[in-house]
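As stored in final.cif (mmCIF, C-alpha atoms):
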```cif
data_model
#
loop_
_atom_site.label_atom_id
_atom_site.label_comp_id
_atom_site.auth_asym_id
_atom_site.auth_seq_id
_atom_site.Cartn_x
_atom_site.Cartn_y
_atom_site.Cartn_z
CA MET A 1 17.97 43.27 -19.18
CA LYS A 2 19.05 40.60 -16.69
CA ASN A 3 21.47 41.52 -13.94
CA LYS A 4 24.62 39.55 -13.19
CA GLN A 5 22.97 37.42 -10.51
CA GLU A 6 20.16 36.39 -12.84
CA LEU A 7 22.63 35.58 -15.60
CA ASN A 8 24.66 33.46 -13.20
CA ARG A 9 21.50 31.65 -12.16
CA ASP A 10 20.65 30.95 -15.80
CA ILE A 11 24.10 29.45 -16.30
CA ILE A 12 23.73 27.17 -13.30
CA HIS A 13 20.34 25.84 -14.36
CA LYS A 14 21.42 25.43 -17.97
CA VAL A 15 24.27 23.22 -16.78
CA LEU A 16 21.98 21.31 -14.39
CA ASP A 17 19.47 20.74 -17.19
CA GLY A 18 22.21 19.56 -19.54
CA ASP A 19 20.98 22.05 -22.11
CA ALA A 20 24.36 23.42 -23.15
CA ALA A 21 26.40 22.06 -26.05
CA PRO A 22 29.59 20.26 -24.92
CA ASP A 23 31.95 23.20 -25.62
CA GLU A 24 29.48 25.66 -24.13
CA GLN A 25 29.09 23.39 -21.11
CA GLN A 26 32.84 23.45 -20.55
CA SER A 27 33.07 27.23 -20.75
CA MET A 28 30.15 27.53 -18.31
CA MET A 29 31.79 25.14 -15.88
CA ASP A 30 35.04 27.16 -16.15
CA ARG A 31 33.09 30.29 -15.30
CA ILE A 32 31.41 28.60 -12.33
CA GLN A 33 34.71 27.28 -11.03
CA ALA A 34 36.29 30.74 -11.29
CA ASP A 35 33.63 32.45 -9.18
CA PRO A 36 33.56 31.23 -5.53
CA ALA A 37 29.99 32.49 -4.87
CA LEU A 38 28.73 30.96 -8.11
CA LYS A 39 30.53 27.70 -7.35
CA GLU A 40 28.99 27.52 -3.88
CA GLU A 41 25.52 28.07 -5.30
CA PHE A 42 26.11 25.45 -7.99
CA ASP A 43 27.49 22.91 -5.51
CA ASP A 44 24.57 23.42 -3.12
CA LEU A 45 21.99 22.90 -5.88
CA THR A 46 23.84 19.88 -7.21
CA ARG A 47 23.81 18.28 -3.76
CA VAL A 48 20.08 18.97 -3.33
CA LEU A 49 19.28 17.40 -6.69
CA HIS A 50 21.52 14.44 -5.96
CA ALA A 51 19.69 13.90 -2.66
CA ILE A 52 16.33 13.99 -4.42
CA GLU A 53 17.40 11.75 -7.27
CA THR A 54 18.94 9.14 -4.99
CA ASN A 55 16.25 9.32 -2.32
CA GLU A 56 14.89 5.86 -1.58
CA ARG A 57 11.84 4.87 -3.59
CA MET A 58 9.09 2.90 -1.97
CA PRO A 59 7.62 -0.34 -3.26
CA ALA A 60 3.93 -0.39 -4.08
CA PRO A 61 1.80 -1.27 -1.04
CA PRO A 62 0.98 -4.99 -0.53
CA PHE A 63 -1.86 -6.41 -2.65
CA PHE A 64 -1.94 -3.20 -4.72
CA THR A 65 -2.61 -5.02 -7.99
CA ALA A 66 -5.14 -7.38 -6.43
CA GLU A 67 -7.12 -4.48 -5.02
CA VAL A 68 -7.12 -2.60 -8.33
CA MET A 69 -8.25 -5.70 -10.22
CA ARG A 70 -11.07 -6.30 -7.75
CA ARG A 71 -12.27 -2.72 -8.19
CA LEU A 72 -12.25 -2.62 -12.00
CA PRO A 73 -15.70 -1.84 -13.36
CA PRO A 74 -17.20 -4.30 -15.85
CA ARG A 75 -16.41 -3.27 -19.41
CA LYS A 76 -19.29 -3.13 -21.88
CA ALA A 77 -18.62 -5.95 -24.31
CA THR A 78 -17.92 -5.19 -27.95
CA LEU A 79 -20.25 -6.50 -30.68
CA GLY A 80 -17.88 -9.38 -31.40
CA ARG A 81 -17.72 -10.33 -27.75
CA ARG A 82 -21.52 -10.18 -27.44
CA VAL A 83 -21.87 -12.53 -30.45
CA GLN A 84 -19.33 -14.90 -28.91
CA ASN A 85 -21.17 -14.85 -25.58
CA PHE A 86 -24.47 -15.52 -27.33
CA LEU A 87 -23.04 -18.53 -29.12
CA LEU A 88 -21.24 -19.99 -26.12
CA LYS A 89 -23.46 -19.23 -23.15
CA GLY A 90 -25.23 -22.06 -21.35
CA ARG A 91 -28.89 -22.77 -22.10
CA VAL A 92 -31.63 -25.03 -20.78
CA LEU A 93 -32.55 -27.53 -23.47
CA ARG A 94 -35.76 -29.51 -23.58
CA TRP A 95 -35.14 -32.99 -24.98
CA ASN A 96 -37.37 -35.98 -25.50
CA MET A 97 -36.22 -39.40 -24.30
CA ALA A 98 -34.97 -40.55 -27.72
CA THR A 99 -32.76 -37.48 -28.17
CA ALA A 100 -31.42 -37.80 -24.62
CA PHE A 101 -30.57 -41.48 -25.18
CA ALA A 102 -28.77 -40.66 -28.45
CA ALA A 103 -26.80 -37.93 -26.75
CA MET A 104 -25.78 -40.30 -23.94
CA VAL A 105 -24.56 -42.89 -26.45
CA LEU A 106 -22.59 -40.24 -28.33
CA MET A 107 -21.03 -38.96 -25.09
CA ALA A 108 -20.06 -42.50 -24.05
CA LEU A 109 -18.36 -43.06 -27.41
CA ILE A 110 -16.40 -39.82 -27.09
CA ILE A 111 -15.27 -40.63 -23.55
CA THR A 112 -14.21 -44.13 -24.58
CA GLN A 113 -12.17 -42.70 -27.45
CA VAL A 114 -10.49 -40.13 -25.23
CA VAL A 115 -9.55 -42.70 -22.59
CA ARG A 116 -8.21 -45.08 -25.24
CA THR A 117 -5.98 -42.49 -26.90
CA ARG A 118 -4.76 -40.83 -23.75
CA ASN A 119 -0.99 -40.86 -23.23
CA THR A 120 0.82 -41.44 -19.97
CA PRO A 121 0.84 -38.34 -17.69
CA VAL A 122 3.09 -35.61 -19.05
CA GLU A 123 6.00 -34.25 -17.08
CA THR A 124 6.00 -30.77 -18.56
CA ALA A 125 4.20 -28.01 -16.78
CA ILE A 126 2.35 -26.67 -19.79
CA VAL A 127 0.07 -28.95 -21.81
CA PRO A 128 -1.59 -27.60 -24.97
CA GLN A 129 -5.27 -28.37 -25.37
CA GLN A 130 -7.83 -27.68 -28.01
CA GLY A 131 -9.32 -24.24 -28.54
CA GLN A 132 -6.15 -22.34 -27.56
CA ILE A 133 -6.54 -23.25 -23.90
CA VAL A 134 -3.42 -24.60 -22.23
CA THR A 135 -3.26 -26.46 -18.94
CA VAL A 136 -0.54 -25.05 -16.72
CA THR A 137 0.62 -27.09 -13.74
CA MET A 138 2.06 -25.15 -10.84
CA LYS A 139 4.01 -26.81 -8.04
CA LEU A 140 5.40 -25.74 -4.70
CA HIS A 141 7.40 -27.90 -2.32
CA ALA A 142 6.03 -26.99 1.11
CA PRO A 143 5.78 -30.14 3.28
CA GLU A 144 5.05 -28.14 6.44
CA ALA A 145 2.23 -26.10 4.93
CA HIS A 146 -1.41 -26.78 5.74
CA HIS A 147 -2.91 -24.77 2.89
CA VAL A 148 -1.48 -23.41 -0.35
CA ALA A 149 -3.32 -21.29 -2.90
CA VAL A 150 -2.19 -19.42 -5.96
CA ALA A 151 -3.25 -15.90 -6.88
CA GLY A 152 -2.31 -14.09 -10.02
CA THR A 153 -3.39 -12.06 -12.96
CA PHE A 154 -5.34 -15.06 -14.31
CA ASN A 155 -7.73 -15.02 -11.32
CA LYS A 156 -7.61 -11.29 -10.56
CA TRP A 157 -5.35 -12.01 -7.59
CA LYS A 158 -8.11 -13.76 -5.67
CA VAL A 159 -6.42 -15.53 -2.80
CA ASP A 160 -9.02 -18.28 -2.49
CA ALA A 161 -9.91 -19.05 -6.09
CA ASN A 162 -7.27 -21.71 -6.84
CA VAL A 163 -6.21 -24.01 -3.99
CA LEU A 164 -3.38 -26.51 -4.54
CA THR A 165 -3.55 -30.18 -3.57
CA LYS A 166 -0.87 -31.71 -1.37
CA GLN A 167 0.95 -34.78 -2.70
CA GLU A 168 2.58 -37.42 -0.51
CA ASN A 169 6.05 -36.04 -1.21
CA GLY A 170 5.17 -32.64 0.24
CA VAL A 171 4.71 -31.02 -3.17
CA TRP A 172 1.54 -29.01 -3.67
CA THR A 173 0.19 -28.95 -7.22
CA ILE A 174 -2.59 -27.44 -9.26
CA SER A 175 -3.45 -27.52 -12.95
CA ILE A 176 -5.15 -24.45 -14.35
CA PRO A 177 -6.48 -23.99 -17.89
CA LEU A 178 -5.25 -20.67 -19.27
CA LYS A 179 -5.48 -18.77 -22.50
CA PRO A 180 -2.20 -17.80 -24.21
CA GLY A 181 -0.62 -14.78 -22.58
CA GLU A 182 1.69 -13.72 -19.80
CA TYR A 183 0.55 -14.16 -16.20
CA SER A 184 2.11 -13.01 -12.93
CA TYR A 185 1.38 -15.08 -9.86
CA MET A 186 2.33 -15.84 -6.25
CA PHE A 187 1.62 -18.68 -3.87
CA ILE A 188 -0.14 -17.95 -0.60
CA VAL A 189 0.95 -20.38 2.11
CA ASP A 190 -1.36 -20.93 5.08
CA GLY A 191 -3.32 -17.86 4.12
CA LYS A 192 -0.66 -15.36 5.11
CA ALA A 193 2.77 -15.80 3.51
CA TRP A 194 3.14 -14.71 -0.12
CA VAL A 195 5.77 -16.94 -1.69
CA THR A 196 7.41 -16.49 -5.08
CA ASP A 197 7.59 -19.70 -7.10
CA PRO A 198 11.28 -20.69 -6.93
CA ASN A 199 10.92 -22.66 -10.18
CA ALA A 200 9.10 -20.04 -12.22
CA GLU A 201 9.80 -19.65 -15.91
CA THR A 202 10.72 -16.02 -15.28
CA TYR A 203 9.97 -13.19 -12.87
CA SER A 204 8.62 -9.68 -13.07
CA ASP A 205 10.69 -7.31 -11.01
CA ASP A 206 9.46 -3.77 -10.48
CA GLY A 207 12.94 -2.64 -9.48
CA PHE A 208 12.04 -2.12 -5.86
CA GLY A 209 12.57 -5.61 -4.48
CA ASN A 210 9.13 -7.05 -5.24
CA LYS A 211 9.19 -10.14 -7.40
CA ASN A 212 6.29 -12.01 -8.94
CA ALA A 213 6.64 -15.32 -10.70
CA VAL A 214 5.66 -15.18 -14.35
CA VAL A 215 4.42 -17.90 -16.66
CA ARG A 216 4.16 -17.35 -20.39
CA VAL A 217 1.50 -19.49 -22.01
CA LYS A 218 1.91 -20.15 -25.70
CA THR A 219 -0.09 -22.33 -28.05
CA MET B 1 13.88 2.58 -19.83
CA ILE B 2 10.89 1.57 -21.94
CA ASN B 3 11.89 0.26 -25.35
CA GLY B 4 9.94 -0.25 -28.55
CA SER B 5 9.10 -3.90 -27.93
CA THR B 6 7.70 -3.03 -24.50
CA ILE B 7 5.48 -0.37 -26.06
CA THR B 8 4.26 -2.86 -28.69
CA GLU B 9 3.60 -5.48 -26.02
CA GLU B 10 1.68 -2.96 -23.91
CA HIS B 11 -0.41 -1.94 -26.91
CA GLU B 12 -1.30 -5.62 -27.42
CA ILE B 13 -2.32 -5.91 -23.77
CA ILE B 14 -4.54 -2.83 -24.11
CA LYS B 15 -6.18 -4.32 -27.21
CA GLN B 16 -6.87 -7.54 -25.28
CA CYS B 17 -8.44 -5.50 -22.47
CA LEU B 18 -10.59 -3.66 -25.00
CA ASN B 19 -11.70 -7.04 -26.35
CA GLY B 20 -12.94 -7.98 -22.90
CA ASP B 21 -9.92 -9.77 -21.42
CA ALA B 22 -9.67 -7.65 -18.26
CA ASP B 23 -7.24 -10.05 -16.60
CA GLN B 24 -4.43 -8.87 -18.86
CA TYR B 25 -4.68 -5.40 -17.31
CA ALA B 26 -3.00 -6.80 -14.20
CA VAL B 27 0.27 -7.01 -16.17
CA LEU B 28 0.22 -3.22 -16.60
CA VAL B 29 -0.83 -2.61 -13.00
CA ASP B 30 2.00 -4.83 -11.77
CA ARG B 31 4.49 -3.06 -14.00
CA TYR B 32 3.61 0.52 -13.07
CA SER B 33 2.20 0.23 -9.55
CA ALA B 34 5.40 1.37 -7.83
CA MET B 35 5.90 4.20 -10.29
CA ALA B 36 2.35 5.51 -9.88
CA PHE B 37 2.51 5.15 -6.10
CA ASN B 38 5.84 6.98 -5.81
CA ILE B 39 4.74 9.90 -7.99
CA ALA B 40 1.53 10.27 -6.03
CA TYR B 41 3.41 10.04 -2.74
CA ARG B 42 5.92 12.71 -3.77
CA ILE B 43 3.12 15.02 -4.86
CA VAL B 44 0.55 14.51 -2.08
CA GLY B 45 3.00 13.62 0.71
CA ASP B 46 0.84 10.98 2.40
CA ALA B 47 1.26 7.26 1.76
CA ASP B 48 -2.39 6.31 2.34
CA VAL B 49 -3.67 9.08 0.09
CA ALA B 50 -0.99 8.25 -2.47
CA LYS B 51 -2.15 4.63 -2.56
CA ASP B 52 -5.73 5.78 -3.19
CA MET B 53 -4.60 8.22 -5.89
CA ALA B 54 -2.50 5.57 -7.63
CA GLN B 55 -5.23 2.93 -7.51
CA GLU B 56 -7.87 5.40 -8.68
CA SER B 57 -5.56 6.32 -11.55
CA PHE B 58 -5.33 2.72 -12.76
CA ILE B 59 -9.10 2.34 -12.53
CA SER B 60 -9.67 5.61 -14.42
CA ALA B 61 -7.15 4.55 -17.06
CA TYR B 62 -8.94 1.22 -17.48
CA THR B 63 -12.32 2.92 -17.74
CA ALA B 64 -10.98 5.27 -20.40
CA LEU B 65 -8.93 2.71 -22.38
CA GLU B 66 -10.99 3.46 -25.50
CA ASP B 67 -9.45 6.94 -25.45
CA PHE B 68 -5.87 5.65 -25.32
CA LYS B 69 -3.88 6.81 -28.36
CA PHE B 70 -1.87 3.91 -29.70
CA GLY B 71 0.91 6.19 -30.91
CA SER B 72 1.84 7.02 -27.33
CA LYS B 73 3.24 5.22 -24.29
CA PHE B 74 0.92 3.80 -21.67
CA SER B 75 3.28 5.07 -18.97
CA SER B 76 3.04 8.69 -20.19
CA TRP B 77 -0.72 8.43 -20.29
CA LEU B 78 -0.75 7.00 -16.78
CA TYR B 79 1.60 9.74 -15.52
CA ARG B 80 -0.88 12.35 -16.74
CA ILE B 81 -3.79 10.60 -15.02
CA VAL B 82 -1.87 10.31 -11.73
CA VAL B 83 -0.89 13.99 -11.80
CA ASN B 84 -4.49 14.99 -12.53
CA LYS B 85 -5.79 12.81 -9.69
CA CYS B 86 -3.33 14.50 -7.34
CA ARG B 87 -4.42 17.93 -8.57
CA ASP B 88 -8.05 17.04 -7.90
CA HIS B 89 -7.07 15.89 -4.43
CA HIS B 90 -5.27 19.17 -3.76
CA LYS B 91 -8.25 21.20 -4.94
CA ALA B 92 -10.53 19.28 -2.61
CA ALA B 93 -8.12 19.51 0.32
CA LYS B 94 -7.11 23.14 -0.24
CA GLU B 95 -10.09 24.68 1.49
CA ALA B 96 -9.60 22.49 4.52
CA THR B 97 -5.89 23.27 4.96
CA THR B 98 -4.78 26.50 6.54
CA VAL B 99 -1.42 28.15 6.06
CA ASP B 100 -0.61 27.43 9.72
CA GLU B 101 -1.05 23.71 9.11
CA ILE B 102 1.31 23.84 6.14
CA VAL B 103 3.95 25.67 8.16
CA GLU B 104 3.68 22.97 10.82
CA LEU B 105 4.99 20.51 8.25
CA VAL B 106 8.37 22.23 8.50
CA PRO B 107 10.23 20.78 11.47
CA ALA B 108 11.80 23.07 14.01
CA ARG B 109 15.42 23.99 13.51
CA GLY B 110 18.05 22.80 15.87
CA GLN B 111 18.32 19.12 15.02
CA THR B 112 21.59 17.50 15.90
CA PRO B 113 23.95 16.80 13.00
CA GLU B 114 23.48 13.08 13.66
CA GLN B 115 19.74 13.43 13.22
CA ALA B 116 20.01 15.56 10.12
CA SER B 117 22.56 13.32 8.48
CA SER B 118 20.63 10.10 8.86
CA SER B 119 19.46 8.91 5.50
CA ARG B 120 15.94 8.20 6.67
CA GLN B 121 15.47 11.62 8.15
CA THR B 122 16.98 13.29 5.13
CA GLY B 123 14.39 11.45 3.04
CA ASP B 124 11.61 12.67 5.33
CA MET B 125 12.93 16.23 5.17
CA ILE B 126 13.09 16.12 1.37
CA GLN B 127 9.50 14.94 1.29
CA LYS B 128 8.43 17.71 3.65
CA ALA B 129 10.26 20.30 1.59
CA LEU B 130 8.58 18.96 -1.55
CA SER B 131 5.21 19.23 0.18
CA ILE B 132 5.78 22.94 0.76
CA LEU B 133 6.64 23.74 -2.86
CA PRO B 134 3.85 25.17 -5.00
CA VAL B 135 2.12 22.27 -6.75
CA GLU B 136 3.18 23.31 -10.24
CA GLN B 137 6.85 23.39 -9.18
CA ARG B 138 6.51 20.14 -7.24
CA GLU B 139 5.08 18.30 -10.27
CA VAL B 140 8.01 19.31 -12.46
CA ILE B 141 10.62 18.50 -9.80
CA VAL B 142 9.07 15.06 -9.21
CA LEU B 143 8.81 14.18 -12.89
CA LYS B 144 12.22 15.60 -13.78
CA HIS B 145 14.37 14.64 -10.80
CA VAL B 146 12.54 11.73 -9.17
CA GLU B 147 11.25 10.01 -12.31
CA GLY B 148 14.09 11.19 -14.57
CA LEU B 149 11.86 12.25 -17.48
CA ASP B 150 13.02 14.79 -20.05
CA TYR B 151 11.31 18.13 -20.51
CA GLY B 152 9.66 17.05 -23.78
CA GLU B 153 7.85 14.16 -22.10
CA ILE B 154 6.94 16.29 -19.09
CA ALA B 155 5.51 18.90 -21.45
CA ASP B 156 3.28 16.23 -23.00
CA ILE B 157 2.17 14.97 -19.60
CA LEU B 158 1.42 18.34 -18.02
CA GLY B 159 0.31 20.15 -21.17
CA VAL B 160 2.75 23.00 -20.49
CA GLY B 161 5.47 24.37 -22.79
CA VAL B 162 9.10 23.39 -22.21
CA ASN B 163 10.27 26.94 -21.44
CA ALA B 164 7.60 27.42 -18.80
CA LEU B 165 8.54 24.04 -17.29
CA LYS B 166 12.17 25.08 -17.05
CA VAL B 167 11.24 28.26 -15.19
CA ARG B 168 9.18 26.17 -12.75
CA ALA B 169 12.05 23.72 -12.32
CA HIS B 170 14.60 26.49 -11.70
CA ARG B 171 12.41 28.15 -9.09
CA GLY B 172 11.53 24.82 -7.52
CA ARG B 173 15.18 23.80 -7.13
CA GLU B 174 16.15 27.07 -5.50
CA ARG B 175 13.17 26.97 -3.17
CA LEU B 176 14.00 23.38 -2.21
CA LYS B 177 17.56 24.39 -1.42
CA GLU B 178 16.33 27.22 0.79
CA LEU B 179 13.83 24.96 2.56
CA LEU B 180 16.37 22.21 3.23
CA GLU B 181 18.91 24.75 4.48
CA GLY B 182 16.21 26.19 6.72
CA MET B 183 15.54 22.73 8.13
CA GLY B 184 19.22 22.29 8.90
CA VAL B 185 19.51 19.35 6.53
CA THR B 186 22.97 18.64 5.19
CA VAL B 187 22.79 16.85 1.89
#
```
Starting from the file, lay out its structure as structure tokens.
Amino acid sequence: MKNKQELNRDIIHKVLDGDAAPDEQQSMMDRIQADPALKEEFDDLTRVLHAIETNERMPAPPFFTAEVMRRLPPRKATLGRRVQNFLLKGRVLRWNMATAFAAMVLMALIITQVVRTRNTPVETAIVPQQGQIVTVTMKLHAPEAHHVAVAGTFNKWKVDANVLTKQENGVWTISIPLKPGEYSYMFIVDGKAWVTDPNAETYSDDGFGNKNAVVRVKT
Amino acid sequence: MINGSTITEEHEIIKQCLNGDADQYAVLVDRYSAMAFNIAYRIVGDADVAKDMAQESFISAYTALEDFKFGSKFSSWLYRIVVNKCRDHHKAAKEATTVDEIVELVPARGQTPEQASSSRQTGDMIQKALSILPVEQREVIVLKHVEGLDYGEIADILGVGVNALKVRAHRGRERLKELLEGMGVTV
């Protein structure tokens, strides 16, 4: 059998847990309000919980994702992936002169055809290509910068894998072939400042003030 | 709040990872890095250790993706891994920590009201009080009152029944109140 103090404690925690039905909740609150000691205990616990619940949360440490991605172990490829790799991996071929000449002629014809049918440069940032690969052009206006790179989920957040080229107008650009999907990214200016793309399609916000640019690549 | 479309999207990302596209995993790491870090920090009480625990959790989750059950939420699965990493850390650190060292975490009484009322210091005191709670109470308090999860989800994460969790939460709240009062913190 519980004593009065234990019963009072049960009431307080039932209210704090929101476990009581609405009418039961009201009668419990009436009981708490009517008992000064019980009310004091309830108010103290409510304040403690409020302090915990509203206590400031911390953002993830800098480069958290990049460090995790760098440390991921290689995954053993599935059968399908191994077949794909077998079919697509590079090989050393031994050709005789006649075969090599034929291949060169064929390559020249293909290049000529591509150049002939090529349109004027596109203005859009995302250009569909064959084989579900899409070229994404990223731009950052940073006339004072000496070096701009882009790191993101597409390059495992490597800060030196994709370096932008500076144009005469102070805009840095890079075109990267990507598979369809969603990619977070940031620019790294002069090797130290992480800059969010001000013209990104959208942003991923973790709710703690950190913002990555996001590009969605569709076919 | 995680909705159905988010869960579906995350399941697609996991499938892509299982098919060898590891880069997609960064979307999940980005999304839950702060959550994993904050849980670990509240449980272990040290930012550097918490960072290690959170990063190790993501790596363990990735390594064990084949075991992920597609009927569940990635976040719940990750919560469980983070909590288990923190438990392992506590087990390893337990032998090296004496009771005297734990008591030293509690600051001396007699702070000025100005000190105690500053938000930053209140946050530090809350963290110190959490660090003193028994681990099983601390886990429930963190998941319930810091992360805002309901008892059903916490039960799934910790593998403990709801009634037992409530008892831990009740005791944890009262102990926290006593500890904060003892520190002279006005909340």
Contact residues (chain B, partner chain A, 8 Å, all atoms listed in the file) as a ChimeraX atom specification: /B:19-20,23-27,29-35,37-38,51,55,58-59,62-63,123,126,145-146,170,173-174,176-177,187
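You will find atom CA of B:His89 at 25.2 Å from atom CA of B:Val162.
Of the residues listed (A:Lys4, A:Lys39, A:Lys192, A:Arg31), A:Lys192 shows the shortest atom-to-atom separation from A:Val150; distances use all atoms listed in the file.
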For the structure provided, state which residues fall under the PyMOL selection byres ((chain B and resi 46) around 12), and present them as a list in words.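 Applied to this file, the PyMOL selection byres ((chain B and resi 46) around 12) selects Phe37, Asn38, Ile39, Ala40, Tyr41, Arg42, Ile43, Val44, Gly45, Ala47, Asp48, Val49, Ala50, Lys51, Asp52, Met53, Ala54, Cys86, His89, His90, Leu105, Asp124, Gln127, Lys128, Leu130 and Ser131 of chain B.
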Given the file shown, determine the residues that the PyMOL selection byres ((chain A and resi 162) around 8) selects; report them as a PyMOL selection string. chain A and resi 149-151+159-161+163-164+174
Expansion of the PyMOL selection byres ((chain B and resi 140) around 8) into residues, as a PyMOL selection string: chain B and resi 136-139+141-144+154+165+168-169
